[in-house]
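Please read the structure below before turning to the comments.
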Amino acid sequence: MIKFLDLKAINDSFEPELSDAVKCVLDAGWYLQGKETKSFEMEYSQYIGTKHSIGVANGLDALRLILKAYIEMGLMNEGDEIIVPGNTFIASILAISDNRLKPVLIEPDLNTYNIDPIKIEEQITDRTKGIMLVHLYGQNAMHPEIQRITEKYNLKLIEDNAQAIGAIYRERRTGAIGHVSGHSFYPGKNLGCLGDGGAVTTNDDELATIIRALANYGSKVKYVSEFQGLNSRLDEIQAAVLRVKLKRLDTDNIRRRQIAQYYCDNISNPDVILPVKKNYFQLSNFDNQLSHVWHLFVIRHKLRDKLQSYLTGNGVQTLIHYPIPPHKQIAYRNLNSLKMPITEQIHNEVLSLPISPVMTDAEVMKVVELINNGF
Ligand SMILES: *Cc1c(COP(=O)(O)O)cnc(C)c1O
């Protein structure tokens with residue numbers, strides 16, 4: 001069977017360094033807020049290209065903490081509006097509503113599945129305080145129009161970089177484009193740890209200080225509470241694991257890109273809609289080479305469910321990202337009446353094919369052959 005994502009094989013490919021790193025933490029006997037976390041934070045901020053990186057418990061917390069910090073700073077208030085794509089994983093929206101801010105959902109561009117930059121300005125009101133820019137499926141979502149709007153209306157640009165770690169936009173990594181960014185190290189992400197983990201990156205000194213305190217009960221100094229914070233920390237074992245895996249991230253992302261290119265060049269079934277090729281595959285330009293890090297390889301088909309059953313029946317595991325749009329979720333009854341036809345079409349038609357650094361050429365060819373010849 002061709003697995004959608006073989007996490008065991010991925011992590012085995014880092015041995016023996018991975019086990020050595022875990023053993024090192026066990027030998028040190030120090031589990032939280034130690035030297036592994038500190039070193040990872042330094043290495044990660046260097047990689048992303050920001051002044052600060054703060055390890056937190058997961059990607060959702062990273063986004064929640066960012067907005068909570070802006071509220072503590074007096075830059076956002078209950079009921080203020082945050083622009084967010086309608087086509088995203090629910091966590092992008094949970095982070096907003098959890099802080100009693102109002103998510104304002106925008107339709108995606110059907111060519112990129114990311115937020116449609118030309119549909120943002122019409123939704124801006126005097127309560128709009130920020131844009132949550134999600135780099136969905138691993139593809140940079142930044143666009144000159146978003147830069148213009150952010151400056152014109154003095155908005156905070158918050159990146160949700162959970163799916164796009166390593167992606168590049170105009171010589172900068174995603175996660176270093178906006179004012180601040182949330183990252184996830186969930187095992188299945190491009191940079192995954194062995195459990196939950198996340199980070200916030202920013203160049204803003206004050207914001208970084210407040211987020212670090214908020215993630216540690218609201219204290220800068222032990223037992224002195226400045227804010228009503230939470231407990232959201234990256235632990236030493238996960239930090240040690242991430243230090244090993246970060247070193248190979250660009251290489252792993254380039255392998256993902258090769259697979260994506262093979263899919264794009266060889267899937268010829270006329271009913272399959274492939275990701276729209278822009279300059280993702282121009283090897284000469286480093287900027288373009290990683291403008292998409294292919295966290296997911298998403299195709300569309302009018303008979304998506306049938307295609308999925310056919311592939312499952314032939315030993316190829318696929319997933320749907322995502323089956324129910326956020327505005328149709330029970331948890332967001334208040335959004336259920338929104339009309340978002342493009343978002344809904346995407347949710348009805350998308351299918352994610354297997355892609356990962358450990359997938360073999362033979363497996364990739366098998367998937368292509370099945371899609372072209374059998375369905
Ligand atoms: C995974 C993900 C998150 C949340 O990250 P966790 O570490 O699972 O909490 C947020 N946004 C997007 C787009 C994601 O894919």
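Letters A, B, ... go to the chains of the structure tokens in the order shown; residues in each chain start at 1; ligands are counted from 1 in the same order.
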So that I can check the surroundings of stretch 186-194 of chain A, please list as an NGL selection string every protein, DNA and RNA residue that reaches within 9 Å of it, counting only C-alpha atoms and ignoring chain neighbours fewer than 3 positions away. :A and (5 or 7 or 11 or 58-59 or 138 or 162-166 or 197-198 or 237-239 or 241-242 or 245-246 or 249 or 252-253 or 293-295 or 356)
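Each residue with an atom within 8 Å of any atom of ligand 1 appears in the list, which was built counting only C-alpha atoms and all ligand atoms: Ala57, Asn58, Gly59, Leu60, Asp61, Ala62, Leu63, Thr88, Phe89, Ile90, Ala91, Ser92, Val134, His135, Leu136, Tyr137, Asp160, Asn161, Ala162, Gln163, Gly182, His183, Ser184, Phe185, Tyr186, Lys189, Asp196, Gly197 and Gly198 of chain A.
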So that I can check the secondary structure, give me every residue of stretch 33-271 of chain A assigned strand (DSSP E) by backbone DSSP, as a compact mmCIF listing (two decimals) with N, CA, C and O atoms, in the first residue's frame.
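File out_27.txt, as written:
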# COMPACT_ATOMS: atom_id res chain seq x y z
N HIS A 52 13.29 37.22 16.48
CA HIS A 52 12.82 36.39 17.60
C HIS A 52 12.11 35.14 17.12
O HIS A 52 11.45 35.14 16.08
N SER A 53 12.25 34.09 17.93
CA SER A 53 11.46 32.88 17.75
C SER A 53 11.13 32.38 19.15
O SER A 53 12.01 32.29 20.00
N ILE A 54 9.88 32.10 19.38
CA ILE A 54 9.44 31.65 20.71
C ILE A 54 8.78 30.29 20.54
O ILE A 54 7.77 30.15 19.84
N GLY A 55 9.34 29.28 21.16
CA GLY A 55 8.75 27.94 21.11
C GLY A 55 7.48 27.89 21.94
O GLY A 55 7.46 28.39 23.08
N VAL A 56 6.42 27.33 21.39
CA VAL A 56 5.16 27.18 22.10
C VAL A 56 4.64 25.75 21.92
O VAL A 56 5.27 24.94 21.25
N GLU A 81 -12.20 43.14 14.01
CA GLU A 81 -12.28 42.17 12.92
C GLU A 81 -10.90 41.77 12.38
O GLU A 81 -10.02 42.61 12.25
N ILE A 82 -10.78 40.49 12.10
CA ILE A 82 -9.56 39.96 11.47
C ILE A 82 -9.97 39.28 10.17
O ILE A 82 -10.81 38.38 10.16
N ILE A 83 -9.33 39.71 9.10
CA ILE A 83 -9.55 39.10 7.78
C ILE A 83 -8.85 37.74 7.75
O ILE A 83 -7.70 37.63 8.18
N VAL A 84 -9.54 36.73 7.24
CA VAL A 84 -8.96 35.38 7.21
C VAL A 84 -9.54 34.65 5.99
O VAL A 84 -10.69 34.92 5.60
N PRO A 85 -8.77 33.78 5.34
CA PRO A 85 -9.35 33.06 4.20
C PRO A 85 -10.47 32.12 4.63
O PRO A 85 -10.39 31.51 5.71
N LYS A 102 -13.48 38.99 15.70
CA LYS A 102 -14.44 38.50 14.72
C LYS A 102 -13.74 38.09 13.42
O LYS A 102 -13.12 38.93 12.76
N PRO A 103 -13.82 36.79 13.06
CA PRO A 103 -13.23 36.38 11.77
C PRO A 103 -14.09 36.87 10.60
O PRO A 103 -15.30 36.67 10.60
N VAL A 104 -13.44 37.51 9.64
CA VAL A 104 -14.14 37.95 8.42
C VAL A 104 -13.59 37.11 7.28
O VAL A 104 -12.42 37.27 6.89
N LEU A 105 -14.41 36.19 6.79
CA LEU A 105 -13.94 35.19 5.83
C LEU A 105 -13.96 35.72 4.39
O LEU A 105 -14.94 36.32 3.96
N ILE A 106 -12.86 35.46 3.69
CA ILE A 106 -12.72 35.92 2.30
C ILE A 106 -12.58 34.71 1.39
O ILE A 106 -11.88 33.74 1.71
N THR A 128 -11.55 46.67 11.34
CA THR A 128 -10.56 45.69 10.85
C THR A 128 -9.19 46.03 11.44
O THR A 128 -8.72 47.15 11.32
N LYS A 129 -8.59 45.05 12.11
CA LYS A 129 -7.29 45.29 12.75
C LYS A 129 -6.17 44.44 12.19
O LYS A 129 -4.99 44.73 12.42
N GLY A 130 -6.53 43.38 11.49
CA GLY A 130 -5.45 42.53 11.00
C GLY A 130 -5.88 41.60 9.89
O GLY A 130 -7.07 41.43 9.62
N ILE A 131 -4.87 41.02 9.24
CA ILE A 131 -5.09 39.98 8.23
C ILE A 131 -4.34 38.74 8.69
O ILE A 131 -3.15 38.81 8.99
N MET A 132 -5.07 37.62 8.76
CA MET A 132 -4.43 36.33 9.03
C MET A 132 -4.17 35.68 7.68
O MET A 132 -5.10 35.25 7.00
N LEU A 133 -2.90 35.71 7.28
CA LEU A 133 -2.53 35.23 5.95
C LEU A 133 -2.08 33.77 6.04
O LEU A 133 -1.02 33.48 6.60
N VAL A 134 -2.88 32.88 5.50
CA VAL A 134 -2.58 31.44 5.60
C VAL A 134 -1.90 30.98 4.31
O VAL A 134 -2.46 31.14 3.22
N LYS A 156 -2.31 44.76 11.09
CA LYS A 156 -1.27 43.80 11.45
C LYS A 156 -1.37 42.61 10.49
O LYS A 156 -2.46 42.06 10.29
N LEU A 157 -0.24 42.25 9.93
CA LEU A 157 -0.21 41.09 9.03
C LEU A 157 0.34 39.90 9.81
O LEU A 157 1.52 39.85 10.17
N ILE A 158 -0.56 38.94 10.08
CA ILE A 158 -0.22 37.76 10.87
C ILE A 158 -0.18 36.56 9.92
O ILE A 158 -1.17 36.26 9.26
N GLU A 159 0.97 35.92 9.83
CA GLU A 159 1.05 34.75 8.94
C GLU A 159 0.71 33.47 9.70
O GLU A 159 1.18 33.28 10.82
N ASP A 160 -0.09 32.63 9.07
CA ASP A 160 -0.27 31.26 9.55
C ASP A 160 0.63 30.40 8.66
O ASP A 160 0.26 30.04 7.55
N ILE A 168 9.43 30.42 0.29
CA ILE A 168 10.10 31.70 0.09
C ILE A 168 9.25 32.62 -0.78
O ILE A 168 8.69 32.18 -1.79
N TYR A 169 9.16 33.88 -0.37
CA TYR A 169 8.51 34.91 -1.18
C TYR A 169 9.49 36.07 -1.32
O TYR A 169 9.89 36.65 -0.31
N ARG A 172 12.49 36.21 0.89
CA ARG A 172 12.27 36.07 2.33
C ARG A 172 11.46 34.80 2.59
O ARG A 172 10.61 34.44 1.79
N ARG A 173 11.73 34.15 3.72
CA ARG A 173 10.94 32.98 4.08
C ARG A 173 9.55 33.43 4.50
O ARG A 173 9.40 34.48 5.15
N VAL A 180 4.24 39.22 12.23
CA VAL A 180 4.41 38.10 13.16
C VAL A 180 3.84 36.85 12.51
O VAL A 180 2.97 36.94 11.63
N SER A 181 4.33 35.70 12.94
CA SER A 181 3.87 34.47 12.30
C SER A 181 3.74 33.33 13.29
O SER A 181 4.53 33.20 14.22
N GLY A 182 2.75 32.48 13.08
CA GLY A 182 2.58 31.25 13.86
C GLY A 182 3.01 30.05 13.03
O GLY A 182 2.75 29.99 11.83
N HIS A 183 3.69 29.11 13.67
CA HIS A 183 4.21 27.92 13.00
C HIS A 183 3.77 26.68 13.77
O HIS A 183 3.66 26.72 15.00
N SER A 184 3.57 25.57 13.06
CA SER A 184 3.21 24.31 13.70
C SER A 184 4.23 23.24 13.40
O SER A 184 4.67 23.09 12.26
N GLY A 198 5.11 24.11 18.42
CA GLY A 198 4.84 25.27 17.57
C GLY A 198 5.80 26.39 17.90
O GLY A 198 6.63 26.27 18.82
N ALA A 199 5.71 27.47 17.14
CA ALA A 199 6.57 28.63 17.40
C ALA A 199 5.91 29.89 16.87
O ALA A 199 5.05 29.84 15.99
N VAL A 200 6.35 31.01 17.45
CA VAL A 200 5.99 32.33 16.94
C VAL A 200 7.29 32.98 16.50
O VAL A 200 8.30 32.91 17.22
N THR A 201 7.29 33.61 15.32
CA THR A 201 8.46 34.38 14.89
C THR A 201 8.05 35.83 14.64
O THR A 201 6.94 36.09 14.15
N THR A 202 8.93 36.75 14.97
CA THR A 202 8.66 38.18 14.76
C THR A 202 9.94 38.98 14.90
O THR A 202 10.92 38.51 15.49
N SER A 219 4.01 35.35 33.08
CA SER A 219 5.10 35.83 33.94
C SER A 219 6.39 36.03 33.16
O SER A 219 6.78 35.17 32.37
N LYS A 220 7.05 37.13 33.38
CA LYS A 220 8.41 37.32 32.86
C LYS A 220 9.38 36.83 33.93
O LYS A 220 10.40 36.22 33.63
N VAL A 221 9.05 37.13 35.19
CA VAL A 221 9.85 36.69 36.33
C VAL A 221 9.03 35.64 37.06
O VAL A 221 7.82 35.82 37.27
N VAL A 224 5.86 36.03 39.42
CA VAL A 224 5.35 37.42 39.31
C VAL A 224 4.45 37.47 38.07
O VAL A 224 4.94 37.35 36.95
N SER A 225 3.14 37.62 38.28
CA SER A 225 2.20 37.55 37.16
C SER A 225 1.84 38.93 36.64
O SER A 225 1.21 39.72 37.34
Long-range neighbours of A:Leu307 as a ChimeraX atom specification, 9 Å cut-off, only C-alpha atoms, 4 positions minimum in chain: /A:301,303,311-312,351,371,375
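Rounded to one decimal, atom CA of A:Val276 and atom CA of A:Arg256 lie 16.5 Å from each other.
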List as a list in words the protein and nucleic acid residues near A:Ile342, meaning an atom at most 10 Å away when only C-alpha atoms are counted, but skip any in the same chain fewer than 6 places from it. Gly86, Asn87, Glu107, Pro108, Asp109, Leu110, Tyr113 and Asn348 of chain A
Computed interatomic separation between atom CA of A:Asp361 and atom CA of A:Lys3 (Å):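 Here the two named atoms are 13.8 Å from each other.
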Alpha helix (DSSP H) per DSSP on the backbone: members of stretch 241-324 of chain A, as number ranges by chain: A: 241-246, 249-266, 286-289, 304-313
Suppose you want the space between atom CA of A:Gly195 and atom CA of A:Lys8; what is it in Å? 12.8 Å
Which of these, A:Ile120, A:Asn373, A:Arg127, A:Val25, has the shortest distance to A:Glu78 once you count only C-alpha atoms?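 Of A:Ile120, A:Asn373, A:Arg127, A:Val25, the one nearest A:Glu78, counting only C-alpha atoms, is A:Arg127.
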Residues at most 10 Å from A:His143, counting only C-alpha atoms, excluding those fewer than 4 positions away in the same chain, as a compact mmCIF listing (two decimals) with N, CA, C and O atoms, in the first residue's frame?
# COMPACT_ATOMS: atom_id res chain seq x y z
N ILE A 115 -6.16 32.90 -0.18
CA ILE A 115 -7.03 34.07 -0.14
C ILE A 115 -6.89 34.87 -1.44
O ILE A 115 -5.78 35.02 -1.97
N ASP A 116 -8.01 35.36 -1.96
CA ASP A 116 -7.97 36.16 -3.19
C ASP A 116 -7.67 37.62 -2.82
O ASP A 116 -8.50 38.30 -2.23
N PRO A 117 -6.46 38.09 -3.15
CA PRO A 117 -6.05 39.42 -2.69
C PRO A 117 -7.01 40.53 -3.13
O PRO A 117 -7.18 41.51 -2.40
N ILE A 118 -7.65 40.37 -4.29
CA ILE A 118 -8.52 41.46 -4.76
C ILE A 118 -9.89 41.49 -4.08
O ILE A 118 -10.67 42.40 -4.28
N GLN A 147 0.24 43.60 0.66
CA GLN A 147 1.17 44.58 1.22
C GLN A 147 0.55 45.99 1.20
O GLN A 147 0.57 46.72 2.19
N ARG A 148 -0.03 46.34 0.06
CA ARG A 148 -0.62 47.67 -0.12
C ARG A 148 -1.76 47.89 0.90
O ARG A 148 -1.80 48.91 1.59
N TYR A 169 9.16 33.88 -0.37
CA TYR A 169 8.51 34.91 -1.18
C TYR A 169 9.49 36.07 -1.32
O TYR A 169 9.89 36.65 -0.31
Here is a test: counting only C-alpha atoms, which residue of A:Arg170, A:Tyr44, A:Leu290, A:Gln123 is nearest to A:Pro144?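 Using only C-alpha atoms, the shortest distance to A:Pro144 belongs to A:Arg170.
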